[in-house]
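With CSV, C-alpha atoms and all ligand atoms inside, this is target11.csv:
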chain,number,residue,atom,x,y,z
A,1,MET,CA,13.4,20.3,13.3
A,2,VAL,CA,15.0,16.9,13.6
A,3,ILE,CA,14.7,15.5,17.1
A,4,ASP,CA,17.5,13.2,18.4
A,5,TRP,CA,15.4,10.5,20.1
A,6,VAL,CA,18.4,8.6,21.2
A,7,ALA,CA,19.7,11.6,23.1
A,8,ARG,CA,16.3,11.8,24.9
A,9,ALA,CA,16.5,8.3,26.2
A,10,ARG,CA,17.7,7.5,29.7
A,11,ALA,CA,21.5,7.8,29.8
A,12,GLU,CA,21.8,4.0,30.7
A,13,VAL,CA,19.7,3.1,27.6
A,14,GLN,CA,21.9,5.3,25.3
A,15,ARG,CA,24.9,3.2,26.2
A,16,ILE,CA,23.3,-0.2,25.4
A,17,MET,CA,24.5,-2.0,22.4
A,18,PRO,CA,21.6,-4.0,20.9
A,19,TYR,CA,21.7,-7.8,21.2
A,20,GLN,CA,23.1,-9.5,18.1
A,21,ALA,CA,21.1,-12.6,17.4
A,22,GLY,CA,22.1,-15.5,15.2
A,23,LYS,CA,21.2,-15.0,11.6
A,24,PRO,CA,17.8,-16.4,10.9
A,25,ILE,CA,17.8,-19.0,8.1
A,26,GLU,CA,15.2,-17.0,6.1
A,27,GLU,CA,17.4,-13.9,6.2
A,28,ALA,CA,20.5,-15.8,5.0
A,29,ARG,CA,18.4,-17.4,2.2
A,30,ARG,CA,17.2,-13.9,1.1
A,31,GLU,CA,20.7,-12.4,1.2
A,32,LEU,CA,22.6,-15.3,-0.3
A,33,GLY,CA,20.0,-16.9,-2.6
A,34,LEU,CA,21.1,-20.3,-1.3
A,35,GLU,CA,18.6,-23.3,-1.2
A,36,ARG,CA,20.6,-25.5,1.2
A,37,LEU,CA,21.4,-23.8,4.5
A,38,VAL,CA,22.5,-25.2,7.8
A,39,LYS,CA,22.0,-23.1,10.9
A,40,LEU,CA,24.4,-23.8,13.7
A,41,ALA,CA,24.2,-20.3,15.2
A,42,SER,CA,21.6,-20.2,18.0
A,43,ASN,CA,22.1,-23.5,20.0
A,44,GLU,CA,18.6,-24.8,19.0
A,45,ASN,CA,17.4,-28.4,19.1
A,46,PRO,CA,18.2,-29.6,15.6
A,47,HIS,CA,15.3,-32.2,15.7
A,48,GLY,CA,12.6,-29.5,15.9
A,49,PRO,CA,9.7,-29.7,18.3
A,50,SER,CA,8.2,-32.9,19.6
A,51,ASP,CA,5.0,-34.3,18.1
A,52,LYS,CA,3.3,-34.0,21.5
A,53,VAL,CA,4.1,-30.3,21.5
A,54,LEU,CA,2.7,-29.9,18.0
A,55,GLU,CA,-0.5,-31.6,19.1
A,56,ALA,CA,-0.8,-29.4,22.2
A,57,LEU,CA,-0.2,-26.3,20.1
A,58,GLN,CA,-3.1,-27.2,17.7
A,59,LYS,CA,-5.4,-27.8,20.6
A,60,SER,CA,-4.5,-24.6,22.4
A,61,ALA,CA,-4.7,-22.5,19.2
A,62,LEU,CA,-8.4,-23.1,19.2
A,63,ALA,CA,-8.7,-21.0,22.3
A,64,CYS,CA,-6.2,-18.2,21.4
A,65,ASN,CA,-8.9,-15.6,21.6
A,66,ARG,CA,-8.7,-16.0,25.4
A,67,TYR,CA,-6.0,-14.5,27.6
A,68,PRO,CA,-3.5,-17.0,29.0
A,69,ASP,CA,-3.6,-18.1,32.6
A,70,SER,CA,-1.6,-15.3,34.2
A,71,ASN,CA,-0.3,-17.7,36.8
A,72,GLY,CA,0.5,-20.6,34.5
A,73,TYR,CA,-1.2,-23.0,37.0
A,74,TYR,CA,-0.8,-26.3,35.1
A,75,LEU,CA,2.7,-25.7,33.9
A,76,LYS,CA,3.8,-24.7,37.4
A,77,GLN,CA,2.1,-27.8,38.9
A,78,ARG,CA,3.9,-30.0,36.4
A,79,LEU,CA,7.3,-28.4,37.0
A,80,ALA,CA,6.8,-28.4,40.7
A,81,GLN,CA,6.2,-32.1,40.6
A,82,GLN,CA,9.1,-32.9,38.3
A,83,LEU,CA,11.6,-30.7,40.3
A,84,SER,CA,10.2,-31.5,43.8
A,85,VAL,CA,9.6,-27.8,44.6
A,86,ASP,CA,6.6,-25.8,45.8
A,87,PRO,CA,4.8,-24.1,42.9
A,88,ALA,CA,5.1,-20.8,44.9
A,89,MET,CA,8.9,-21.0,44.3
A,90,LEU,CA,8.4,-20.8,40.5
A,91,THR,CA,8.4,-17.7,38.3
A,92,LEU,CA,7.6,-18.3,34.6
A,93,GLY,CA,9.1,-16.0,32.0
A,94,ASN,CA,8.9,-15.1,28.3
A,95,GLY,CA,12.0,-17.2,27.9
A,96,SER,CA,14.4,-17.4,30.8
A,97,ASN,CA,15.8,-14.1,29.4
A,98,ASP,CA,12.7,-12.5,30.8
A,99,VAL,CA,13.4,-13.9,34.3
A,100,LEU,CA,17.0,-12.7,34.1
A,101,GLU,CA,15.6,-9.2,33.4
A,102,LEU,CA,13.0,-9.5,36.2
A,103,VAL,CA,15.7,-10.0,38.8
A,104,ALA,CA,17.6,-6.9,37.5
A,105,SER,CA,14.5,-4.8,37.4
A,106,ALA,CA,13.4,-5.9,40.9
A,107,TYR,CA,16.7,-5.7,42.7
A,108,LEU,CA,19.1,-3.4,40.8
A,109,ASP,CA,19.1,0.3,40.9
A,110,ARG,CA,21.5,3.3,40.6
A,111,GLY,CA,24.0,3.0,43.4
A,112,ALA,CA,23.8,-0.8,43.5
A,113,SER,CA,26.2,-3.1,41.7
A,114,ALA,CA,26.0,-6.5,40.0
A,115,VAL,CA,28.8,-8.9,39.2
A,116,TYR,CA,29.2,-11.3,36.3
A,117,SER,CA,32.2,-12.8,34.5
A,118,GLU,CA,34.2,-11.7,31.5
A,119,TYR,CA,32.8,-13.7,28.4
A,120,ALA,CA,29.5,-14.3,30.3
A,121,PHE,CA,26.2,-14.5,28.4
A,122,VAL,CA,25.5,-10.9,27.1
A,123,VAL,CA,22.0,-10.7,28.5
A,124,TYR,CA,23.4,-10.1,32.0
A,125,SER,CA,25.2,-7.0,30.8
A,126,LEU,CA,22.1,-5.8,29.0
A,127,ALA,CA,19.9,-6.3,32.1
A,128,VAL,CA,22.4,-4.6,34.4
A,129,GLN,CA,23.0,-1.7,32.1
A,130,ARG,CA,19.3,-1.0,31.7
A,131,SER,CA,18.8,-0.9,35.5
A,132,GLY,CA,21.3,1.8,36.0
A,133,ALA,CA,23.4,-0.3,38.5
A,134,GLU,CA,27.1,-0.6,38.2
A,135,ALA,CA,28.3,-3.6,36.2
A,136,ARG,CA,31.4,-5.3,37.6
A,137,VAL,CA,33.0,-7.7,35.2
A,138,ALA,CA,35.3,-10.2,36.9
A,139,PRO,CA,38.2,-11.5,34.8
A,140,ALA,CA,37.8,-15.0,33.5
A,141,LYS,CA,40.4,-17.8,34.0
A,142,ASP,CA,41.1,-20.0,30.9
A,143,TYR,CA,37.8,-18.5,29.4
A,144,CYS,CA,36.0,-19.9,32.5
A,145,HIS,CA,34.1,-18.1,35.3
A,146,ASP,CA,36.7,-17.4,38.1
A,147,LEU,CA,34.5,-17.6,41.2
A,148,ASP,CA,37.2,-16.2,43.5
A,149,ALA,CA,37.5,-13.2,41.2
A,150,MET,CA,33.8,-12.8,41.2
A,151,LEU,CA,33.6,-13.0,45.0
A,152,ALA,CA,36.4,-10.4,45.2
A,153,ALA,CA,34.3,-8.1,43.0
A,154,THR,CA,31.4,-8.0,45.4
A,155,ASP,CA,31.0,-5.5,48.2
A,156,ALA,CA,28.3,-3.8,50.3
A,157,SER,CA,26.7,-2.3,47.1
A,158,THR,CA,26.3,-5.7,45.4
A,159,ARG,CA,22.8,-7.0,45.0
A,160,VAL,CA,23.0,-9.6,42.3
A,161,VAL,CA,25.6,-12.0,40.9
A,162,TYR,CA,25.0,-13.8,37.6
A,163,ILE,CA,26.6,-17.2,36.9
A,164,ALA,CA,26.0,-19.0,33.6
A,165,ASN,CA,26.5,-22.8,34.1
A,166,PRO,CA,27.5,-23.8,31.6
A,167,ASN,CA,28.3,-20.5,30.1
A,168,ASN,CA,27.4,-19.3,26.6
A,169,PRO,CA,29.5,-18.7,24.5
A,170,THR,CA,32.4,-20.5,26.1
A,171,GLY,CA,30.6,-23.8,26.9
A,172,ASN,CA,32.5,-24.5,30.1
A,173,TYR,CA,31.1,-24.9,33.6
A,174,VAL,CA,31.9,-24.4,37.3
A,175,CYS,CA,32.0,-27.5,39.4
A,176,GLU,CA,29.9,-28.4,42.5
A,177,SER,CA,32.7,-27.9,45.1
A,178,ALA,CA,33.7,-24.5,43.7
A,179,LEU,CA,30.1,-23.2,43.5
A,180,ARG,CA,29.4,-24.4,47.0
A,181,ALA,CA,32.5,-22.7,48.4
A,182,PHE,CA,31.5,-19.5,46.6
A,183,LEU,CA,28.0,-19.6,48.0
A,184,GLN,CA,29.3,-20.3,51.5
A,185,ALA,CA,31.7,-17.3,51.3
A,186,LEU,CA,29.2,-14.9,49.8
A,187,ASP,CA,27.1,-12.5,51.8
A,188,PRO,CA,23.8,-14.4,52.0
A,189,GLY,CA,21.8,-11.2,51.2
A,190,ILE,CA,23.2,-11.1,47.6
A,191,ILE,CA,21.1,-12.9,45.0
A,192,VAL,CA,23.0,-15.4,42.9
A,193,VAL,CA,21.3,-16.1,39.6
A,194,LEU,CA,22.4,-19.5,38.4
A,195,ASP,CA,21.6,-19.7,34.7
A,196,GLU,CA,21.2,-23.4,33.8
A,197,ALA,CA,19.9,-22.9,30.2
A,198,TYR,CA,22.0,-25.9,29.0
A,199,CYS,CA,21.9,-28.2,32.1
A,200,GLU,CA,20.0,-31.0,30.3
A,201,TYR,CA,23.0,-31.6,28.1
A,202,VAL,CA,25.7,-31.7,30.7
A,203,GLN,CA,27.3,-35.2,31.2
A,204,VAL,CA,30.0,-34.6,33.8
A,205,GLY,CA,29.8,-35.9,37.3
A,206,ASP,CA,30.9,-32.8,39.2
A,207,TYR,CA,28.3,-30.5,37.6
A,208,PRO,CA,26.2,-29.0,40.4
A,209,ASP,CA,22.4,-29.4,40.6
A,210,GLY,CA,21.2,-25.8,41.1
A,211,ILE,CA,17.8,-26.8,42.4
A,212,ALA,CA,19.3,-29.1,45.1
A,213,LEU,CA,21.7,-26.2,46.1
A,214,GLN,CA,18.7,-23.8,46.3
A,215,ARG,CA,17.4,-25.8,49.2
A,216,GLU,CA,20.6,-24.9,51.1
A,217,PHE,CA,21.1,-21.4,49.9
A,218,ALA,CA,18.0,-19.2,50.0
A,219,ASN,CA,19.7,-16.5,47.9
A,220,LEU,CA,20.1,-18.8,44.9
A,221,VAL,CA,17.8,-18.2,41.9
A,222,VAL,CA,18.0,-21.0,39.4
A,223,THR,CA,16.9,-20.3,35.8
A,224,ARG,CA,16.1,-22.9,33.2
A,225,THR,CA,14.5,-22.8,29.8
A,226,PHE,CA,12.5,-24.7,27.2
A,227,SER,CA,14.4,-23.0,24.4
A,228,LYS,CA,17.3,-25.3,24.1
A,229,ALA,CA,17.1,-29.1,24.8
A,230,TYR,CA,13.3,-29.0,24.8
A,231,GLY,CA,13.2,-27.4,21.3
A,232,LEU,CA,10.9,-24.4,22.0
A,233,GLY,CA,13.1,-21.5,21.3
A,234,GLY,CA,10.5,-19.8,19.1
A,235,LEU,CA,7.8,-20.0,21.8
A,236,ARG,CA,9.7,-18.2,24.6
A,237,VAL,CA,9.2,-20.1,27.9
A,238,GLY,CA,11.6,-20.3,30.8
A,239,PHE,CA,11.4,-20.2,34.5
A,240,ALA,CA,13.1,-19.6,37.8
A,241,VAL,CA,13.2,-21.6,41.0
A,242,SER,CA,13.8,-19.5,44.0
A,243,ASP,CA,12.9,-18.8,47.6
A,244,ARG,CA,9.1,-17.9,47.8
A,245,GLY,CA,9.9,-14.4,48.9
A,246,ILE,CA,12.0,-13.8,45.8
A,247,ALA,CA,9.3,-15.4,43.6
A,248,ASP,CA,6.8,-13.0,45.2
A,249,VAL,CA,9.0,-10.0,44.2
A,250,LEU,CA,9.6,-11.2,40.7
A,251,ASN,CA,5.8,-11.8,40.3
A,252,ARG,CA,5.3,-8.1,41.1
A,253,VAL,CA,7.5,-6.8,38.3
A,254,ARG,CA,6.6,-9.3,35.5
A,255,GLU,CA,4.0,-8.5,32.8
A,256,PRO,CA,0.7,-10.0,33.9
A,257,PHE,CA,0.6,-12.2,30.7
A,258,ASN,CA,4.3,-12.7,30.0
A,259,VAL,CA,3.8,-16.3,28.8
A,260,SER,CA,1.4,-17.0,26.0
A,261,SER,CA,-1.3,-19.7,26.2
A,262,LEU,CA,0.3,-21.6,23.3
A,263,SER,CA,3.7,-21.4,25.1
A,264,LEU,CA,2.3,-22.7,28.4
A,265,ALA,CA,0.6,-25.6,26.6
A,266,ALA,CA,3.7,-26.4,24.6
A,267,ALA,CA,6.0,-26.4,27.6
A,268,GLU,CA,3.8,-28.7,29.5
A,269,ALA,CA,3.7,-31.1,26.6
A,270,ALA,CA,7.5,-30.9,26.2
A,271,LEU,CA,8.0,-31.9,29.8
A,272,ASN,CA,5.9,-35.0,29.2
A,273,ASP,CA,7.9,-36.1,26.2
A,274,HIS,CA,10.9,-37.8,27.8
A,275,GLU,CA,11.8,-39.5,24.5
A,276,HIS,CA,12.2,-36.3,22.6
A,277,LEU,CA,14.5,-34.9,25.3
A,278,ALA,CA,16.5,-38.1,25.4
A,279,GLN,CA,16.9,-38.0,21.6
A,280,ALA,CA,18.2,-34.4,21.8
A,281,ILE,CA,20.7,-35.4,24.4
A,282,ALA,CA,21.9,-38.5,22.5
A,283,THR,CA,22.2,-36.5,19.3
A,284,ASN,CA,24.2,-33.8,21.2
A,285,ASN,CA,26.6,-36.3,22.8
A,286,ALA,CA,27.4,-37.9,19.4
A,287,GLY,CA,27.5,-34.5,17.6
A,288,MET,CA,29.8,-32.9,20.2
A,289,GLN,CA,32.3,-35.8,19.7
A,290,GLN,CA,32.0,-35.4,16.0
A,291,LEU,CA,32.7,-31.6,16.1
A,292,ALA,CA,35.5,-32.0,18.7
A,293,ASP,CA,37.2,-34.7,16.6
A,294,GLY,CA,36.7,-32.7,13.4
A,295,LEU,CA,38.2,-29.5,14.8
A,296,ASP,CA,41.1,-31.5,16.3
A,297,ALA,CA,41.7,-33.1,13.0
A,298,LEU,CA,41.9,-29.6,11.4
A,299,GLY,CA,44.4,-28.6,14.1
A,300,LEU,CA,42.1,-25.9,15.5
A,301,LYS,CA,42.1,-24.8,19.1
A,302,ARG,CA,38.7,-25.1,20.9
A,303,ILE,CA,37.3,-24.4,24.3
A,304,PRO,CA,36.1,-27.6,26.0
A,305,SER,CA,32.3,-27.5,26.1
A,306,VAL,CA,29.7,-29.4,28.1
A,307,ALA,CA,26.8,-27.7,26.3
A,308,ASN,CA,25.3,-28.0,22.8
A,309,PHE,CA,27.8,-25.7,21.1
A,310,ILE,CA,31.5,-25.3,20.7
A,311,THR,CA,33.7,-22.2,20.5
A,312,PHE,CA,36.9,-22.5,18.5
A,313,GLU,CA,39.6,-20.6,16.8
A,314,PRO,CA,39.5,-20.9,13.0
A,315,GLY,CA,43.1,-19.9,12.9
A,316,ARG,CA,42.8,-16.9,10.6
A,317,ASP,CA,40.5,-13.9,10.5
A,318,ALA,CA,37.4,-15.2,12.2
A,319,ALA,CA,35.1,-12.6,10.6
A,320,ALA,CA,36.3,-13.7,7.2
A,321,VAL,CA,35.9,-17.4,7.9
A,322,ASN,CA,32.4,-16.6,9.2
A,323,GLN,CA,31.6,-14.8,5.9
A,324,ALA,CA,33.0,-17.6,3.8
A,325,LEU,CA,31.0,-20.2,5.7
A,326,LEU,CA,27.9,-18.2,5.2
A,327,GLN,CA,28.6,-18.1,1.4
A,328,ALA,CA,29.0,-21.9,1.6
A,329,GLY,CA,25.6,-22.3,3.3
A,330,VAL,CA,26.7,-22.7,7.0
A,331,ILE,CA,25.5,-20.2,9.6
A,332,VAL,CA,27.7,-20.1,12.7
A,333,ARG,CA,28.0,-17.4,15.3
A,334,PRO,CA,30.8,-14.7,15.5
A,335,VAL,CA,31.6,-13.9,19.1
A,336,ALA,CA,33.6,-10.7,18.7
A,337,ASN,CA,30.9,-8.9,20.7
A,338,TYR,CA,32.1,-11.0,23.6
A,339,ASN,CA,35.6,-9.7,23.1
A,340,LEU,CA,36.5,-13.0,21.4
A,341,PRO,CA,37.4,-11.7,18.0
A,342,LEU,CA,39.5,-14.8,17.1
A,343,HIS,CA,36.8,-17.3,17.9
A,344,LEU,CA,33.6,-18.6,16.3
A,345,ARG,CA,30.8,-20.6,17.9
A,346,ALA,CA,29.1,-23.5,16.3
A,347,SER,CA,26.0,-25.3,17.7
A,348,VAL,CA,25.9,-29.0,17.6
A,349,GLY,CA,23.5,-30.1,14.8
A,350,LEU,CA,22.4,-33.3,13.2
A,351,ALA,CA,25.3,-35.6,12.1
A,352,GLU,CA,24.9,-34.5,8.4
A,353,GLU,CA,24.8,-30.8,9.4
A,354,ASN,CA,28.0,-31.2,11.5
A,355,ALA,CA,29.7,-33.0,8.7
A,356,LEU,CA,28.7,-30.3,6.2
A,357,PHE,CA,30.1,-27.6,8.6
A,358,LEU,CA,33.4,-29.5,9.0
A,359,GLU,CA,33.7,-30.0,5.3
A,360,LYS,CA,33.1,-26.4,4.5
A,361,LEU,CA,35.3,-25.2,7.3
A,362,ALA,CA,38.2,-27.3,6.0
A,363,LEU,CA,37.8,-25.6,2.6
A,364,VAL,CA,37.6,-22.0,3.9
A,365,ILE,CA,40.4,-22.0,6.5
A,401,LIG,C1,19.9,-19.4,25.3
A,401,LIG,C2,20.3,-18.9,26.7
A,401,LIG,C3,19.4,-18.6,27.6
A,401,LIG,C4,17.9,-18.8,27.4
A,401,LIG,O1,17.3,-17.9,26.6
A,401,LIG,P1,15.7,-18.0,26.6
A,401,LIG,O2,15.3,-16.6,26.8
A,401,LIG,O3,15.2,-19.0,27.6
A,401,LIG,O4,15.4,-18.5,25.2
A,401,LIG,C5,19.7,-18.2,28.9
A,401,LIG,N1,21.0,-18.2,29.2
A,401,LIG,C6,22.0,-18.6,28.4
A,401,LIG,C7,23.4,-18.6,28.8
A,401,LIG,C8,21.7,-18.9,27.1
A,401,LIG,O5,22.6,-19.2,26.2
Spell out the structure here as C-alpha cells.
Amino acid sequence: MVIDWVARARAEVQRIMPYQAGKPIEEARRELGLERLVKLASNENPHGPSDKVLEALQKSALACNRYPDSNGYYLKQRLAQQLSVDPAMLTLGNGSNDVLELVASAYLDRGASAVYSEYAFVVYSLAVQRSGAEARVAPAKDYCHDLDAMLAATDASTRVVYIANPNNPTGNYVCESALRAFLQALDPGIIVVLDEAYCEYVQVGDYPDGIALQREFANLVVTRTFSKAYGLGGLRVGFAVSDRGIADVLNRVREPFNVSSLSLAAAEAALNDHEHLAQAIATNNAGMQQLADGLDALGLKRIPSVANFITFEPGRDAAAVNQALLQAGVIVRPVANYNLPLHLRASVGLAEENALFLEKLALVI
C-alpha cells in the first residue's frame, strides 16, 4: 500500500509552498557547465567574510566537540553594548528567519490573525501558515507597504503584524513618521515585528531606527541579521530586540542550541570589524548607482531601492530573460512567487559583477 504522507500532514502544512531559494553557484555550475558564474540572487555580501571572522572560526572550530553556549552570553553582551539595550532584551536565532518563526510559534494560533503586506518577504507567509492563524495580506501601494491598509486589516483577533523595512523583494521602505503614526494608532497589545535585515545599507534620512522606537513602543520586536551586510549568510545568525517579557517568551519556544558555536564566534568577530562593514556599504552605494544607471540606460522600469538589491522589469518575458541570463553565467532571482511575474531581482555585486550583469542583460532583452 502506498501511503500519502502529504495528506497525513496537518492541513496548514499541506497548503505550504516550499521556500524557493536563489540558485546556489555550485548547482548552476553543475547544470550549465559554466566556469565563470556571477551570483546576484541572494543579497549576499559580495566581498565574502571578514578576515577577523575567518580567524574566529578557526579558533572556535577547535572546540566544536562542545555544545554552544545556549544563551550566547558573549555575543549578547557585545550586541547589548553596541545597541545600548539590556542583554535580557535580546533573542538570538539561527538566522533572523528563526526569530520571525519564533514570534509566530509563540503568539499565533488557530483563531488568531496576522497581518503583512502584499509583496512582503515570503517568510512571514510561511510562518503564519504553519501556525494555523489567518493570514491577512494588506494591499501594497506603488509596491510599498501601505501602513494605513495594514492598520485597517487588524482587528481583535490580530496578534502579530510583520513589516519588512526595507522590504525584500521590492527594496523600498516606510519612513519614520508613517511608522510612528502606525504604532500610535495600533492596539498596543499587537506585536509588530519590524524586520530590519538590510538596515545597515539604508542611506536615507527619514529611515526609522527600530531600536530607538522600541524604547517607546513595547510591542515592537526589531529583527536584524548577520546574513547580509556582515557577510555571514552561510552561518545563520540573527537576533531580535524586544521587551524583556517578549524575549522571555521567545526563549521558551526556541531550540536550546539554535545558534552554533562557530556562528556565535563569527558574529562577535563580525561586529568588531567596522572596516569590513564600511566596505560592504561603500561597495553597495557605488554598485546601486551603477545598476540604477545601467537599467535606466536600457530603458527598463525599476522599483527604487534602499537595500542591496534592485527589482526591475526586463520588458519581455521575465522567466525567459532569467533563463537567458543563467545561460550567460549570471544568476538573478525570479520573483513570480511574489506575484511579480514581470520582474526580476538582482543583488548588488562587485563593480565587475554588476557590469557583467548589465552587459548580458543588454544582450538578452
Ligand atoms: C534575507 C532576509 C532576512 C534574513 O534572513 P536570515 O535568516 O537572517 O539569513 C530577513 N528578512 C528579510 C526581508 C530578508 O530579505
Just give me the residues with any atom within 10 Å of (12.6, -8.6, 38.0), file coordinates, counting only C-alpha atoms, written as a PDB file with C-alpha atoms, in the frame of the given file.
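Contents of out39.pdb, as written:
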ATOM      1  CA  ASP A  98      12.700 -12.500  30.800  1.00  0.00           C
ATOM      2  CA  VAL A  99      13.400 -13.900  34.300  1.00  0.00           C
ATOM      3  CA  LEU A 100      17.000 -12.700  34.100  1.00  0.00           C
ATOM      4  CA  GLU A 101      15.600  -9.200  33.400  1.00  0.00           C
ATOM      5  CA  LEU A 102      13.000  -9.500  36.200  1.00  0.00           C
ATOM      6  CA  VAL A 103      15.700 -10.000  38.800  1.00  0.00           C
ATOM      7  CA  ALA A 104      17.600  -6.900  37.500  1.00  0.00           C
ATOM      8  CA  SER A 105      14.500  -4.800  37.400  1.00  0.00           C
ATOM      9  CA  ALA A 106      13.400  -5.900  40.900  1.00  0.00           C
ATOM     10  CA  TYR A 107      16.700  -5.700  42.700  1.00  0.00           C
ATOM     11  CA  LEU A 108      19.100  -3.400  40.800  1.00  0.00           C
ATOM     12  CA  ALA A 127      19.900  -6.300  32.100  1.00  0.00           C
ATOM     13  CA  ILE A 246      12.000 -13.800  45.800  1.00  0.00           C
ATOM     14  CA  ALA A 247       9.300 -15.400  43.600  1.00  0.00           C
ATOM     15  CA  VAL A 249       9.000 -10.000  44.200  1.00  0.00           C
ATOM     16  CA  LEU A 250       9.600 -11.200  40.700  1.00  0.00           C
ATOM     17  CA  ASN A 251       5.800 -11.800  40.300  1.00  0.00           C
ATOM     18  CA  ARG A 252       5.300  -8.100  41.100  1.00  0.00           C
ATOM     19  CA  VAL A 253       7.500  -6.800  38.300  1.00  0.00           C
ATOM     20  CA  ARG A 254       6.600  -9.300  35.500  1.00  0.00           C
TER      21      ARG A 254
END
- Item | Neighbour list for stretch 267-273 of chain A as number ranges by chain, cut-off 9 Å, all atoms listed in the file, skip fewer than 2 positions in-chain | A: 49-57, 74-76, 78-79, 82, 226, 230-232, 235, 237-238, 262-265, 275-278
- Name all residues at most 10 Å from A:Cys144 (count all atoms listed in the file; drop same-chain ones fewer than 4 positions away) and give them as an MDAnalysis selection string. chainID A and resid 117:120 139:140 166:167 170:174 303
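Residue nearest ligand LIG 401 (chain A), chosen from A:Asn258, A:Thr223, A:Asn97, A:Ser60 and counting all atoms listed in the file: A:Asn97.
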- Task: Output the neighbourhood of ligand LIG 401 (chain A) as a ChimeraX atom specification, that is, all protein and nucleic acid residues with some atom at most 7 Å from the ligand, counting only C-alpha atoms and all ligand atoms.
- Result: /A:94-98,121,164,167-168,195-197,224-228,233,236-238
Restrict the selected residues to C-alpha atoms and save them as a PDB file, keeping the file's coordinate frame.
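out.pdb written:
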ATOM      1  CA  ASN A  94       8.900 -15.100  28.300  1.00  0.00           C
ATOM      2  CA  GLY A  95      12.000 -17.200  27.900  1.00  0.00           C
ATOM      3  CA  SER A  96      14.400 -17.400  30.800  1.00  0.00           C
ATOM      4  CA  ASN A  97      15.800 -14.100  29.400  1.00  0.00           C
ATOM      5  CA  ASP A  98      12.700 -12.500  30.800  1.00  0.00           C
ATOM      6  CA  PHE A 121      26.200 -14.500  28.400  1.00  0.00           C
ATOM      7  CA  ALA A 164      26.000 -19.000  33.600  1.00  0.00           C
ATOM      8  CA  ASN A 167      28.300 -20.500  30.100  1.00  0.00           C
ATOM      9  CA  ASN A 168      27.400 -19.300  26.600  1.00  0.00           C
ATOM     10  CA  ASP A 195      21.600 -19.700  34.700  1.00  0.00           C
ATOM     11  CA  GLU A 196      21.200 -23.400  33.800  1.00  0.00           C
ATOM     12  CA  ALA A 197      19.900 -22.900  30.200  1.00  0.00           C
ATOM     13  CA  ARG A 224      16.100 -22.900  33.200  1.00  0.00           C
ATOM     14  CA  THR A 225      14.500 -22.800  29.800  1.00  0.00           C
ATOM     15  CA  PHE A 226      12.500 -24.700  27.200  1.00  0.00           C
ATOM     16  CA  SER A 227      14.400 -23.000  24.400  1.00  0.00           C
ATOM     17  CA  LYS A 228      17.300 -25.300  24.100  1.00  0.00           C
ATOM     18  CA  GLY A 233      13.100 -21.500  21.300  1.00  0.00           C
ATOM     19  CA  ARG A 236       9.700 -18.200  24.600  1.00  0.00           C
ATOM     20  CA  VAL A 237       9.200 -20.100  27.900  1.00  0.00           C
ATOM     21  CA  GLY A 238      11.600 -20.300  30.800  1.00  0.00           C
TER      22      GLY A 238
END
- Counting all atoms listed in the file, what is within 8 Å of stretch 8-17 of chain A, bar same-chain residues fewer than 2 positions away, as a ChimeraX atom specification? /A:4-6,19,126,129-132
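Going from atom CA of A:Ala351 over to atom CA of A:Asn284, you cover 9.3 Å.
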- Query: So, counting all atoms listed in the file, which residue among A:Leu361, A:Leu342, A:Ile331, A:Leu291 is closest to A:Arg316?
  - Reply: A:Leu342
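Using only C-alpha atoms, the shortest contact distance between A:Gly245 and any of A:Asn219, A:Asn354, A:Ser260, A:Gln289 is found at A:Asn219.
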- Query: Near A:Phe257, within 8 Å and counting all atoms listed in the file, which residues show up once chain neighbours fewer than 4 positions away are dropped, as a PyMOL selection string?
  - Reply: chain A and resi 67-70
Restrict the selected residues to C-alpha atoms and save them as a PDB file, in the coordinates of the input.
ATOM      1  CA  TYR A  67      -6.000 -14.500  27.600  1.00  0.00           C
ATOM      2  CA  PRO A  68      -3.500 -17.000  29.000  1.00  0.00           C
ATOM      3  CA  ASP A  69      -3.600 -18.100  32.600  1.00  0.00           C
ATOM      4  CA  SER A  70      -1.600 -15.300  34.200  1.00  0.00           C
TER       5      SER A  70
END
- May I have the protein, DNA and RNA residues with an atom at most 12 Å from (19.6, -18.2, 12.2), counting all atoms listed in the file in the file's coordinates, returned as a VMD selection string? chain A and resid 20 to 29 37 to 44 46 233 to 234 326 329 to 333 346 to 347
Completion step: stretch 95-103 of chain A with N, CA and C atoms as a short mmCIF file (atom, residue, chain, number, x, y, z; two decimals), in the coordinates of the input:
data_model
loop_
_atom_site.label_atom_id
_atom_site.label_comp_id
_atom_site.auth_asym_id
_atom_site.auth_seq_id
_atom_site.Cartn_x
_atom_site.Cartn_y
_atom_site.Cartn_z
N GLY A 95 10.63 -16.78 27.93
CA GLY A 95 12.00 -17.20 27.90
C GLY A 95 12.66 -16.99 29.21
N SER A 96 13.76 -17.69 29.49
CA SER A 96 14.40 -17.40 30.80
C SER A 96 15.08 -16.04 30.75
N ASN A 97 15.31 -15.52 29.53
CA ASN A 97 15.80 -14.10 29.40
C ASN A 97 14.93 -13.16 30.18
N ASP A 98 13.63 -13.36 30.10
CA ASP A 98 12.70 -12.50 30.80
C ASP A 98 12.97 -12.56 32.32
N VAL A 99 13.19 -13.77 32.84
CA VAL A 99 13.40 -13.90 34.30
C VAL A 99 14.74 -13.26 34.69
N LEU A 100 15.76 -13.37 33.82
CA LEU A 100 17.00 -12.70 34.10
C LEU A 100 16.83 -11.19 34.24
N GLU A 101 15.97 -10.66 33.38
CA GLU A 101 15.60 -9.20 33.40
C GLU A 101 14.82 -8.86 34.64
N LEU A 102 13.89 -9.76 35.02
CA LEU A 102 13.00 -9.50 36.20
C LEU A 102 13.86 -9.30 37.44
N VAL A 103 14.89 -10.15 37.59
CA VAL A 103 15.70 -10.00 38.80
C VAL A 103 16.40 -8.66 38.78
#
